[in-house]
file work.txt (compact mmCIF, C-alpha atoms)
# COMPACT_ATOMS: atom_id res chain seq x y z
CA MET A 1 -17.67 -13.50 -21.05
CA SER A 2 -19.57 -13.97 -17.83
CA ILE A 3 -20.03 -11.39 -15.11
CA THR A 4 -17.55 -13.25 -12.90
CA GLN A 5 -14.84 -12.95 -15.51
CA ILE A 6 -15.58 -9.28 -16.10
CA LEU A 7 -15.33 -8.62 -12.35
CA PHE A 8 -12.15 -10.65 -12.15
CA TRP A 9 -10.40 -8.65 -14.86
CA LEU A 10 -11.65 -5.34 -13.47
CA LEU A 11 -10.48 -6.11 -9.93
CA SER A 12 -7.19 -7.50 -11.19
CA ALA A 13 -6.51 -4.35 -13.21
CA VAL A 14 -7.28 -2.17 -10.19
CA ALA A 15 -5.09 -4.30 -7.90
CA VAL A 16 -2.08 -4.42 -10.21
CA GLY A 17 -2.38 -0.77 -11.19
CA GLY A 18 -2.62 0.28 -7.56
CA ALA A 19 0.36 -1.89 -6.68
CA ILE A 20 2.45 -0.33 -9.46
CA MET A 21 1.48 3.14 -8.29
CA VAL A 22 2.48 2.25 -4.71
CA VAL A 23 6.01 1.62 -5.93
CA ALA A 24 6.11 4.42 -8.49
CA SER A 25 4.56 7.40 -6.71
CA LYS A 26 6.87 9.97 -5.15
CA SER A 27 4.93 10.99 -2.08
CA PRO A 28 4.47 8.43 0.72
CA VAL A 29 0.90 9.59 1.37
CA HIS A 30 -0.05 8.81 -2.22
CA SER A 31 1.60 5.41 -1.89
CA ILE A 32 -0.52 4.65 1.17
CA LEU A 33 -3.73 5.70 -0.59
CA PHE A 34 -2.89 3.53 -3.61
CA LEU A 35 -2.16 0.62 -1.29
CA ILE A 36 -5.62 1.08 0.26
CA ILE A 37 -7.12 0.89 -3.25
CA THR A 38 -5.17 -2.32 -3.85
CA PHE A 39 -6.46 -3.80 -0.59
CA PHE A 40 -10.03 -2.98 -1.56
CA ALA A 41 -9.52 -4.73 -4.88
CA ILE A 42 -8.12 -7.78 -3.08
CA SER A 43 -11.18 -7.74 -0.81
CA GLY A 44 -13.31 -7.74 -3.95
CA HIS A 45 -11.45 -10.85 -5.06
CA TYR A 46 -12.22 -12.48 -1.72
CA ILE A 47 -15.93 -11.74 -2.20
CA LEU A 48 -15.68 -13.19 -5.70
CA LEU A 49 -14.22 -16.35 -4.17
CA ASN A 50 -17.04 -16.43 -1.59
CA ALA A 51 -14.63 -15.82 1.30
CA GLN A 52 -16.83 -13.21 2.87
CA PHE A 53 -15.35 -13.25 6.36
CA LEU A 54 -11.84 -12.66 5.01
CA ALA A 55 -13.10 -9.85 2.76
CA ILE A 56 -14.55 -8.00 5.75
CA VAL A 57 -11.50 -8.70 7.94
CA ASN A 58 -9.23 -7.51 5.14
CA ILE A 59 -11.08 -4.21 4.89
CA ILE A 60 -11.31 -3.68 8.65
CA VAL A 61 -7.81 -4.79 9.63
CA TYR A 62 -5.74 -3.80 6.61
CA ALA A 63 -7.48 -0.84 5.03
CA GLY A 64 -8.97 0.35 8.29
CA ALA A 65 -6.34 -0.19 10.96
CA ILE A 66 -2.94 -0.87 9.47
CA MET A 67 -3.03 1.73 6.72
CA VAL A 68 -4.39 4.37 9.11
CA LEU A 69 -1.41 3.55 11.34
CA PHE A 70 0.89 4.12 8.35
CA LEU A 71 -0.86 7.41 7.58
CA PHE A 72 -0.47 8.52 11.19
CA VAL A 73 3.24 7.77 11.17
CA VAL A 74 3.80 9.55 7.84
CA MET A 75 1.88 12.62 8.95
CA LEU A 76 3.59 12.57 12.35
CA MET A 77 6.97 12.69 10.63
CA ASN A 78 5.84 15.33 8.14
CA LEU A 79 7.12 13.37 5.17
CA ASN A 80 4.63 14.80 2.70
CA GLU A 81 7.27 16.25 0.45
CA GLU A 82 10.15 14.15 -0.70
CA SER A 83 12.82 15.64 1.56
CA ALA A 84 15.45 13.04 0.74
CA PRO A 85 17.92 13.82 -2.04
CA PRO A 86 17.12 12.27 -5.41
CA GLN A 87 18.26 8.79 -6.25
CA LYS A 88 22.02 8.80 -6.46
CA ASN A 89 22.60 5.97 -8.85
CA LYS A 90 20.09 4.75 -11.35
CA TYR A 91 21.64 1.29 -11.33
CA ILE A 92 19.76 0.30 -8.18
CA LEU A 93 16.51 1.25 -9.90
CA TYR A 94 17.31 -0.64 -13.09
CA GLY A 95 18.79 -3.61 -11.27
CA GLY A 96 15.84 -3.97 -8.92
CA THR A 97 13.33 -3.72 -11.73
CA ILE A 98 15.19 -6.26 -13.85
CA ALA A 99 15.51 -8.61 -10.88
CA GLY A 100 11.80 -8.44 -10.10
CA ALA A 101 10.83 -8.87 -13.75
CA SER A 102 13.16 -11.87 -14.04
CA LEU A 103 11.58 -13.44 -10.97
CA MET A 104 8.15 -12.93 -12.52
CA LEU A 105 9.35 -14.36 -15.84
CA VAL A 106 10.87 -17.46 -14.28
CA LEU A 107 7.83 -18.20 -12.13
CA VAL A 108 5.36 -17.65 -14.97
CA ALA A 109 7.41 -19.86 -17.27
CA ALA A 110 7.59 -22.55 -14.60
CA LEU A 111 3.88 -22.49 -13.76
CA LYS A 112 2.43 -21.91 -17.21
CA GLN A 113 2.60 -25.54 -18.27
CA SER A 114 1.45 -27.10 -15.01
CA ALA A 115 -1.38 -29.57 -15.33
CA GLN A 116 -3.13 -28.33 -12.20
CA GLY A 117 -3.30 -24.83 -13.60
CA ARG A 118 -6.32 -25.56 -15.72
CA HIS A 119 -8.41 -26.96 -12.90
CA LEU A 120 -11.50 -24.93 -12.27
CA MET A 121 -12.30 -23.23 -9.01
CA GLU A 122 -15.63 -22.90 -7.28
CA THR A 123 -15.90 -19.16 -7.45
CA ASN A 124 -19.41 -18.28 -6.43
CA ASN A 125 -20.50 -21.06 -4.10
CA GLY A 126 -19.20 -23.21 -1.28
CA THR A 127 -19.75 -22.54 2.41
CA GLY A 128 -16.14 -22.88 3.57
CA GLY A 129 -15.62 -19.14 3.74
CA LEU A 130 -18.70 -18.23 5.68
CA ILE A 131 -18.32 -16.96 9.20
CA GLU A 132 -20.31 -19.81 10.73
CA ASN A 133 -17.91 -22.50 9.56
CA LEU A 134 -14.81 -20.41 10.18
CA GLY A 135 -15.94 -19.53 13.70
CA LYS A 136 -16.67 -23.15 14.57
CA LEU A 137 -13.29 -24.22 13.25
CA LEU A 138 -11.47 -21.36 14.95
CA PHE A 139 -12.86 -22.22 18.37
CA THR A 140 -12.52 -26.00 18.12
CA ASP A 141 -9.56 -27.15 16.07
CA TYR A 142 -7.59 -23.91 16.07
CA VAL A 143 -8.29 -22.65 19.56
CA PHE A 144 -4.70 -23.08 20.70
CA PRO A 145 -3.17 -20.91 17.92
CA PHE A 146 -5.95 -18.41 18.60
CA GLU A 147 -4.89 -18.11 22.23
CA ILE A 148 -1.22 -17.99 21.28
CA SER A 149 -1.97 -15.06 18.98
CA SER A 150 -3.27 -13.10 21.97
CA VAL A 151 0.13 -13.57 23.63
CA LEU A 152 1.73 -12.43 20.36
CA PHE A 153 -0.35 -9.27 20.38
CA LEU A 154 0.52 -8.58 24.01
CA SER A 155 4.23 -8.95 23.33
CA ALA A 156 3.96 -6.80 20.18
CA MET A 157 2.21 -4.09 22.17
CA ILE A 158 4.83 -4.16 24.92
CA GLY A 159 7.58 -4.16 22.30
CA ALA A 160 6.13 -1.17 20.46
CA VAL A 161 5.78 0.80 23.68
CA VAL A 162 9.31 -0.05 24.83
CA ILE A 163 10.90 0.72 21.46
CA SER A 164 9.16 4.03 20.86
CA LYS A 165 9.57 5.27 24.41
CA LYS A 166 11.77 8.31 24.71
CA GLU A 167 14.72 7.28 26.83
CA ALA A 168 14.87 9.59 29.77
CA MET B 1 -12.40 -19.68 -13.62
CA PRO B 2 -9.12 -21.65 -13.89
CA ILE B 3 -6.70 -21.42 -10.97
CA ASN B 4 -3.98 -20.18 -13.35
CA TYR B 5 -5.46 -16.70 -13.44
CA TYR B 6 -5.24 -16.28 -9.71
CA ILE B 7 -1.72 -17.72 -9.61
CA PHE B 8 -0.52 -15.18 -12.13
CA LEU B 9 -2.34 -12.30 -10.44
CA ALA B 10 -0.78 -13.14 -7.07
CA LEU B 11 2.58 -13.55 -8.80
CA ALA B 12 2.30 -10.09 -10.37
CA LEU B 13 1.46 -8.50 -7.02
CA PHE B 14 4.31 -10.33 -5.32
CA CYS B 15 6.86 -9.31 -7.95
CA ILE B 16 5.73 -5.67 -7.78
CA GLY B 17 6.34 -5.88 -4.04
CA VAL B 18 9.81 -7.34 -4.62
CA VAL B 19 10.65 -4.54 -7.07
CA GLY B 20 9.48 -1.98 -4.50
CA VAL B 21 11.64 -3.45 -1.76
CA LEU B 22 14.68 -3.53 -4.04
CA THR B 23 14.34 -0.06 -5.57
CA ARG B 24 12.80 2.27 -3.00
CA ARG B 25 14.84 3.72 -0.15
CA ASN B 26 12.05 5.12 2.01
CA ALA B 27 11.65 2.68 4.91
CA ILE B 28 7.87 3.20 5.08
CA ILE B 29 7.40 2.35 1.42
CA ILE B 30 9.60 -0.72 1.79
CA PHE B 31 7.37 -1.76 4.67
CA MET B 32 4.25 -1.23 2.56
CA CYS B 33 5.71 -3.37 -0.20
CA ILE B 34 6.18 -6.15 2.35
CA GLU B 35 2.49 -5.82 3.20
CA LEU B 36 1.72 -6.09 -0.51
CA MET B 37 3.68 -9.34 -0.75
CA LEU B 38 1.84 -10.73 2.28
CA ASN B 39 -1.46 -9.91 0.63
CA ALA B 40 -0.42 -11.62 -2.59
CA ALA B 41 0.30 -14.77 -0.58
CA ASN B 42 -3.08 -14.44 1.17
CA LEU B 43 -4.89 -14.13 -2.15
CA LEU B 44 -3.18 -17.25 -3.43
CA LEU B 45 -4.09 -19.20 -0.28
CA VAL B 46 -7.75 -18.22 -0.61
CA ALA B 47 -7.74 -19.12 -4.31
CA PHE B 48 -6.28 -22.56 -3.58
CA SER B 49 -8.80 -23.09 -0.79
CA LYS B 50 -11.56 -22.96 -3.40
CA LEU B 51 -9.86 -25.40 -5.77
CA TYR B 52 -11.11 -28.81 -4.67
CA THR B 53 -14.18 -27.89 -2.67
CA HIS B 54 -16.55 -29.42 -5.20
CA VAL B 55 -15.21 -32.94 -4.61
CA SER B 56 -15.72 -32.71 -0.85
CA THR B 57 -19.07 -33.02 0.89
CA LEU B 58 -17.97 -31.39 4.13
CA PRO B 59 -19.40 -27.92 4.73
CA THR B 60 -16.02 -26.77 6.02
CA ALA B 61 -14.09 -27.80 2.91
CA GLY B 62 -11.40 -25.24 2.32
CA SER B 63 -11.88 -23.50 5.65
CA ASP B 64 -8.42 -24.42 6.92
CA ALA B 65 -6.67 -22.25 4.34
CA GLN B 66 -8.86 -19.32 5.27
CA ILE B 67 -8.07 -19.80 8.97
CA PHE B 68 -4.43 -19.73 7.89
CA VAL B 69 -5.00 -16.42 6.09
CA PHE B 70 -6.66 -15.09 9.24
CA PHE B 71 -3.57 -15.94 11.28
CA ILE B 72 -1.33 -14.33 8.66
CA MET B 73 -3.35 -11.15 9.12
CA VAL B 74 -2.90 -11.42 12.91
CA VAL B 75 0.86 -11.74 12.53
CA ALA B 76 0.92 -8.87 10.01
CA ALA B 77 -0.89 -6.57 12.44
CA ALA B 78 1.60 -7.36 15.21
CA GLU B 79 4.50 -6.94 12.80
CA VAL B 80 3.25 -3.54 11.62
CA SER B 81 2.97 -2.17 15.14
CA VAL B 82 6.54 -3.17 16.04
CA GLY B 83 7.94 -2.17 12.65
CA LEU B 84 6.41 1.29 12.70
CA ALA B 85 7.74 1.77 16.23
CA ILE B 86 11.21 0.92 14.91
CA ILE B 87 10.78 3.38 12.01
CA VAL B 88 9.68 6.14 14.41
CA MET B 89 12.73 5.37 16.54
CA MET B 90 14.97 5.53 13.48
CA TYR B 91 13.45 8.85 12.42
CA ARG B 92 14.05 10.24 15.87
CA ASN B 93 17.72 9.28 15.76
CA THR B 94 18.63 10.13 12.15
CA HIS B 95 15.84 12.61 11.16
CA SER B 96 15.26 10.59 8.03
CA VAL B 97 13.56 7.38 7.00
CA ASP B 98 16.09 6.67 4.26
CA VAL B 99 17.44 3.18 4.75
CA ASN B 100 20.83 4.20 3.32
CA PHE B 101 21.43 6.30 6.42
CA LEU B 102 21.29 3.19 8.54
CA ASN B 103 24.97 2.45 7.96
CA ARG B 104 25.68 5.37 10.25
CA LEU B 105 24.62 3.22 13.19
CA LYS B 106 27.86 1.30 12.87
CA ASN B 107 29.73 3.19 15.55
call {"tool": "encode", "arguments": {"input": "work.txt", "output": "structure tokens"}}
result
Amino acid sequence: MSITQILFWLLSAVAVGGAIMVVASKSPVHSILFLIITFFAISGHYILLNAQFLAIVNIIVYAGAIMVLFLFVVMLMNLNEESAPPQKNKYILYGGTIAGASLMLVLVAALKQSAQGRHLMETNNGTGGLIENLGKLLFTDYVFPFEISSVLFLSAMIGAVVISKKEA
Amino acid sequence: MPINYYIFLALALFCIGVVGVLTRRNAIIIFMCIELMLNAANLLLVAFSKLYTHVSTLPTAGSDAQIFVFFIMVVAAAEVSVGLAIIVMMYRNTHSVDVNFLNRLKN
């Protein structure tokens, strides 16, 4: 078992365990912290796939900005303790879990036999994920979507301000 | 490393996100499960971008999928800002983030 495989299994266990704890934990703050752990594990996978730019962006944008925004909102609302009444019917819980597990089962059964599934990936090399190539591509072929995304951010900012404004 | 492993890992993360959306009632946790599903899709895109790079001689082989992941992150950041504003608004009106209380907005 090579070091790449050991790292893969370790990071996968951390990611899946963190994801399960996000759904299972009672307090929203704990859910957010487990989701940050999951995002770090996914960033580790990106490094393993030699997508270094995406690994850094994932940590900065997701773990650094988005999850801090979630934490701010949760702490602003003072939701630390589970103030809502306990789950009224267990059938939603069982039904949702069975539905998700069935989805997983169907997709695994469909993809398990695929011929492409055994193709090997280039895990540790390849320059496609380096910031030099991505930056060149982003500012030549994809410059129009890049500019459009600035308009998207502007409209999202205006929308957030308008929605959360206290109506006088 | 065969691509199958990454497919099944992303599938597991996505299905955990689906279970979270279906079972939890806290709007913030539902939102976080949506983020989890987005990240599962991102992981799968990056894994597929490394699949056929060894047959190509271009230095930018597989870069397009990673640009795509970058734009998914851009859209996710915009979505989170608007979505959290909506959740704050909902908390201000109902004093709860339970999605079952949303049927009170009918009248």
call {"tool": "atom_distance", "arguments": {"input": "work.txt", "atom1": "CA of Ile158 in chain A", "atom2": "CA of Ser96 in chain B"}}
result
24.7 Å
call {"tool": "atom_distance", "arguments": {"input": "work.txt", "atom1": "CA of Val69 in chain B", "atom2": "CA of Ile28 in chain B"}}
result
23.5 Å
call {"tool": "interface_residues", "arguments": {"input": "work.txt", "of": "chain B", "to": "chain A", "cutoff": "6 Å", "atoms": "all atoms listed in the file", "output": "PyMOL selection string"}}
result
chain B and resi 1-4+15+18-20+22-23+50-51+59-63+78+82+85+89
call {"tool": "residues_around", "arguments": {"input": "work.txt", "residues": "Ala40 in chain B", "least_positions_apart": "4", "cutoff": "6 Å", "atoms": "only C-alpha atoms", "output": "ChimeraX atom specification"}}
result
/B:10,13-14
call {"tool": "axis_aligned_box", "arguments": {"input": "work.txt", "around": "range 66-79 of chain A", "padding_each_side": "3 Å", "output": "AutoDock Vina command-line options"}}
result
--center_x 1.4 --center_y 7.2 --center_z 8.8 --size_x 17.5 --size_y 22.2 --size_z 13.2
call {"tool": "atom_distance", "arguments": {"input": "work.txt", "atom1": "CA of Val46 in chain B", "atom2": "CA of Gly17 in chain B"}}
result
19.0 Å
call {"tool": "closest_residue", "arguments": {"input": "work.txt", "among": "B:Leu58, B:Ala77, B:Arg92, B:Phe70", "to": "Asn42 in chain B", "atoms": "only C-alpha atoms"}}
result
B:Phe70
call {"tool": "closest_residue", "arguments": {"input": "work.txt", "among": "A:Ile60, A:Leu10, A:Leu71, A:Ile47", "to": "Leu33 in chain A", "atoms": "all atoms listed in the file"}}
result
A:Leu71
call {"tool": "closest_residue", "arguments": {"input": "work.txt", "among": "A:Phe34, A:Phe144, A:Phe139, A:Phe40", "to": "Leu11 in chain A", "atoms": "all atoms listed in the file"}}
result
A:Phe40
call {"tool": "decode", "arguments": {"input": "work.txt", "residues": "range 127-163 of chain A", "atoms": "N, CA and C atoms", "output": "PDB file, in the first residue's frame"}}
result
ATOM      1  N   THR A 127       0.462  19.263 -14.767  1.00  0.00           N
ATOM      2  CA  THR A 127       0.570  20.678 -14.435  1.00  0.00           C
ATOM      3  C   THR A 127      -0.752  21.400 -14.619  1.00  0.00           C
ATOM      4  N   GLY A 128      -1.828  20.677 -14.916  1.00  0.00           N
ATOM      5  CA  GLY A 128      -3.099  21.344 -15.216  1.00  0.00           C
ATOM      6  C   GLY A 128      -3.685  22.085 -14.033  1.00  0.00           C
ATOM      7  N   GLY A 129      -3.297  21.707 -12.816  1.00  0.00           N
ATOM      8  CA  GLY A 129      -3.881  22.354 -11.659  1.00  0.00           C
ATOM      9  C   GLY A 129      -3.025  23.447 -11.062  1.00  0.00           C
ATOM     10  N   LEU A 130      -1.920  23.729 -11.681  1.00  0.00           N
ATOM     11  CA  LEU A 130      -1.055  24.766 -11.122  1.00  0.00           C
ATOM     12  C   LEU A 130      -1.591  26.139 -11.469  1.00  0.00           C
ATOM     13  N   ILE A 131      -1.212  27.111 -10.653  1.00  0.00           N
ATOM     14  CA  ILE A 131      -1.842  28.430 -10.769  1.00  0.00           C
ATOM     15  C   ILE A 131      -1.421  29.134 -12.049  1.00  0.00           C
ATOM     16  N   GLU A 132      -0.255  28.775 -12.582  1.00  0.00           N
ATOM     17  CA  GLU A 132       0.194  29.422 -13.819  1.00  0.00           C
ATOM     18  C   GLU A 132      -0.752  29.093 -14.972  1.00  0.00           C
ATOM     19  N   ASN A 133      -1.022  27.794 -15.148  1.00  0.00           N
ATOM     20  CA  ASN A 133      -1.897  27.394 -16.244  1.00  0.00           C
ATOM     21  C   ASN A 133      -3.320  27.873 -16.031  1.00  0.00           C
ATOM     22  N   LEU A 134      -3.794  27.768 -14.776  1.00  0.00           N
ATOM     23  CA  LEU A 134      -5.178  28.180 -14.512  1.00  0.00           C
ATOM     24  C   LEU A 134      -5.348  29.677 -14.708  1.00  0.00           C
ATOM     25  N   GLY A 135      -4.335  30.455 -14.300  1.00  0.00           N
ATOM     26  CA  GLY A 135      -4.432  31.899 -14.474  1.00  0.00           C
ATOM     27  C   GLY A 135      -4.427  32.297 -15.930  1.00  0.00           C
ATOM     28  N   LYS A 136      -3.559  31.649 -16.730  1.00  0.00           N
ATOM     29  CA  LYS A 136      -3.543  31.948 -18.162  1.00  0.00           C
ATOM     30  C   LYS A 136      -4.884  31.628 -18.795  1.00  0.00           C
ATOM     31  N   LEU A 137      -5.434  30.479 -18.436  1.00  0.00           N
ATOM     32  CA  LEU A 137      -6.712  30.068 -19.017  1.00  0.00           C
ATOM     33  C   LEU A 137      -7.837  30.978 -18.571  1.00  0.00           C
ATOM     34  N   LEU A 138      -7.780  31.380 -17.303  1.00  0.00           N
ATOM     35  CA  LEU A 138      -8.860  32.210 -16.750  1.00  0.00           C
ATOM     36  C   LEU A 138      -8.901  33.572 -17.409  1.00  0.00           C
ATOM     37  N   PHE A 139      -7.742  34.093 -17.790  1.00  0.00           N
ATOM     38  CA  PHE A 139      -7.737  35.440 -18.365  1.00  0.00           C
ATOM     39  C   PHE A 139      -7.644  35.444 -19.884  1.00  0.00           C
ATOM     40  N   THR A 140      -7.702  34.262 -20.513  1.00  0.00           N
ATOM     41  CA  THR A 140      -7.790  34.262 -21.975  1.00  0.00           C
ATOM     42  C   THR A 140      -9.108  33.646 -22.439  1.00  0.00           C
ATOM     43  N   ASP A 141      -9.281  32.352 -22.198  1.00  0.00           N
ATOM     44  CA  ASP A 141     -10.469  31.689 -22.714  1.00  0.00           C
ATOM     45  C   ASP A 141     -11.700  31.978 -21.866  1.00  0.00           C
ATOM     46  N   TYR A 142     -11.497  32.157 -20.572  1.00  0.00           N
ATOM     47  CA  TYR A 142     -12.650  32.267 -19.668  1.00  0.00           C
ATOM     48  C   TYR A 142     -12.768  33.668 -19.093  1.00  0.00           C
ATOM     49  N   VAL A 143     -12.319  34.666 -19.842  1.00  0.00           N
ATOM     50  CA  VAL A 143     -12.346  36.016 -19.275  1.00  0.00           C
ATOM     51  C   VAL A 143     -13.766  36.560 -19.220  1.00  0.00           C
ATOM     52  N   PHE A 144     -14.621  36.129 -20.139  1.00  0.00           N
ATOM     53  CA  PHE A 144     -15.992  36.633 -20.128  1.00  0.00           C
ATOM     54  C   PHE A 144     -16.785  36.090 -18.926  1.00  0.00           C
ATOM     55  N   PRO A 145     -16.763  34.772 -18.644  1.00  0.00           N
ATOM     56  CA  PRO A 145     -17.410  34.320 -17.411  1.00  0.00           C
ATOM     57  C   PRO A 145     -16.816  34.940 -16.160  1.00  0.00           C
ATOM     58  N   PHE A 146     -15.517  35.220 -16.191  1.00  0.00           N
ATOM     59  CA  PHE A 146     -14.878  35.859 -15.036  1.00  0.00           C
ATOM     60  C   PHE A 146     -15.472  37.233 -14.772  1.00  0.00           C
ATOM     61  N   GLU A 147     -15.684  37.996 -15.854  1.00  0.00           N
ATOM     62  CA  GLU A 147     -16.276  39.330 -15.682  1.00  0.00           C
ATOM     63  C   GLU A 147     -17.736  39.227 -15.284  1.00  0.00           C
ATOM     64  N   ILE A 148     -18.441  38.253 -15.854  1.00  0.00           N
ATOM     65  CA  ILE A 148     -19.847  38.063 -15.498  1.00  0.00           C
ATOM     66  C   ILE A 148     -19.969  37.738 -14.017  1.00  0.00           C
ATOM     67  N   SER A 149     -18.994  36.987 -13.469  1.00  0.00           N
ATOM     68  CA  SER A 149     -19.097  36.627 -12.058  1.00  0.00           C
ATOM     69  C   SER A 149     -18.964  37.854 -11.165  1.00  0.00           C
ATOM     70  N   SER A 150     -18.261  38.892 -11.654  1.00  0.00           N
ATOM     71  CA  SER A 150     -18.210  40.115 -10.844  1.00  0.00           C
ATOM     72  C   SER A 150     -19.584  40.761 -10.766  1.00  0.00           C
ATOM     73  N   VAL A 151     -20.331  40.716 -11.878  1.00  0.00           N
ATOM     74  CA  VAL A 151     -21.705  41.245 -11.859  1.00  0.00           C
ATOM     75  C   VAL A 151     -22.564  40.415 -10.915  1.00  0.00           C
ATOM     76  N   LEU A 152     -22.332  39.084 -10.921  1.00  0.00           N
ATOM     77  CA  LEU A 152     -23.076  38.203 -10.018  1.00  0.00           C
ATOM     78  C   LEU A 152     -22.818  38.564  -8.569  1.00  0.00           C
ATOM     79  N   PHE A 153     -21.553  38.832  -8.245  1.00  0.00           N
ATOM     80  CA  PHE A 153     -21.225  39.196  -6.866  1.00  0.00           C
ATOM     81  C   PHE A 153     -21.862  40.522  -6.486  1.00  0.00           C
ATOM     82  N   LEU A 154     -21.856  41.475  -7.426  1.00  0.00           N
ATOM     83  CA  LEU A 154     -22.466  42.773  -7.131  1.00  0.00           C
ATOM     84  C   LEU A 154     -23.952  42.608  -6.845  1.00  0.00           C
ATOM     85  N   SER A 155     -24.627  41.815  -7.686  1.00  0.00           N
ATOM     86  CA  SER A 155     -26.065  41.646  -7.487  1.00  0.00           C
ATOM     87  C   SER A 155     -26.344  40.869  -6.208  1.00  0.00           C
ATOM     88  N   ALA A 156     -25.472  39.897  -5.861  1.00  0.00           N
ATOM     89  CA  ALA A 156     -25.659  39.153  -4.617  1.00  0.00           C
ATOM     90  C   ALA A 156     -25.483  40.065  -3.411  1.00  0.00           C
ATOM     91  N   MET A 157     -24.514  40.979  -3.515  1.00  0.00           N
ATOM     92  CA  MET A 157     -24.282  41.907  -2.407  1.00  0.00           C
ATOM     93  C   MET A 157     -25.472  42.839  -2.230  1.00  0.00           C
ATOM     94  N   ILE A 158     -25.970  43.384  -3.350  1.00  0.00           N
ATOM     95  CA  ILE A 158     -27.130  44.269  -3.265  1.00  0.00           C
ATOM     96  C   ILE A 158     -28.333  43.506  -2.732  1.00  0.00           C
ATOM     97  N   GLY A 159     -28.502  42.258  -3.205  1.00  0.00           N
ATOM     98  CA  GLY A 159     -29.625  41.453  -2.748  1.00  0.00           C
ATOM     99  C   GLY A 159     -29.558  41.172  -1.266  1.00  0.00           C
ATOM    100  N   ALA A 160     -28.363  40.839  -0.766  1.00  0.00           N
ATOM    101  CA  ALA A 160     -28.221  40.547   0.665  1.00  0.00           C
ATOM    102  C   ALA A 160     -28.523  41.777   1.499  1.00  0.00           C
ATOM    103  N   VAL A 161     -28.045  42.942   1.032  1.00  0.00           N
ATOM    104  CA  VAL A 161     -28.301  44.170   1.797  1.00  0.00           C
ATOM    105  C   VAL A 161     -29.784  44.493   1.800  1.00  0.00           C
ATOM    106  N   VAL A 162     -30.428  44.359   0.638  1.00  0.00           N
ATOM    107  CA  VAL A 162     -31.852  44.707   0.535  1.00  0.00           C
ATOM    108  C   VAL A 162     -32.698  43.759   1.368  1.00  0.00           C
ATOM    109  N   ILE A 163     -32.359  42.448   1.319  1.00  0.00           N
ATOM    110  CA  ILE A 163     -33.178  41.474   2.044  1.00  0.00           C
ATOM    111  C   ILE A 163     -33.050  41.671   3.545  1.00  0.00           C
TER     112      ILE A 163
END
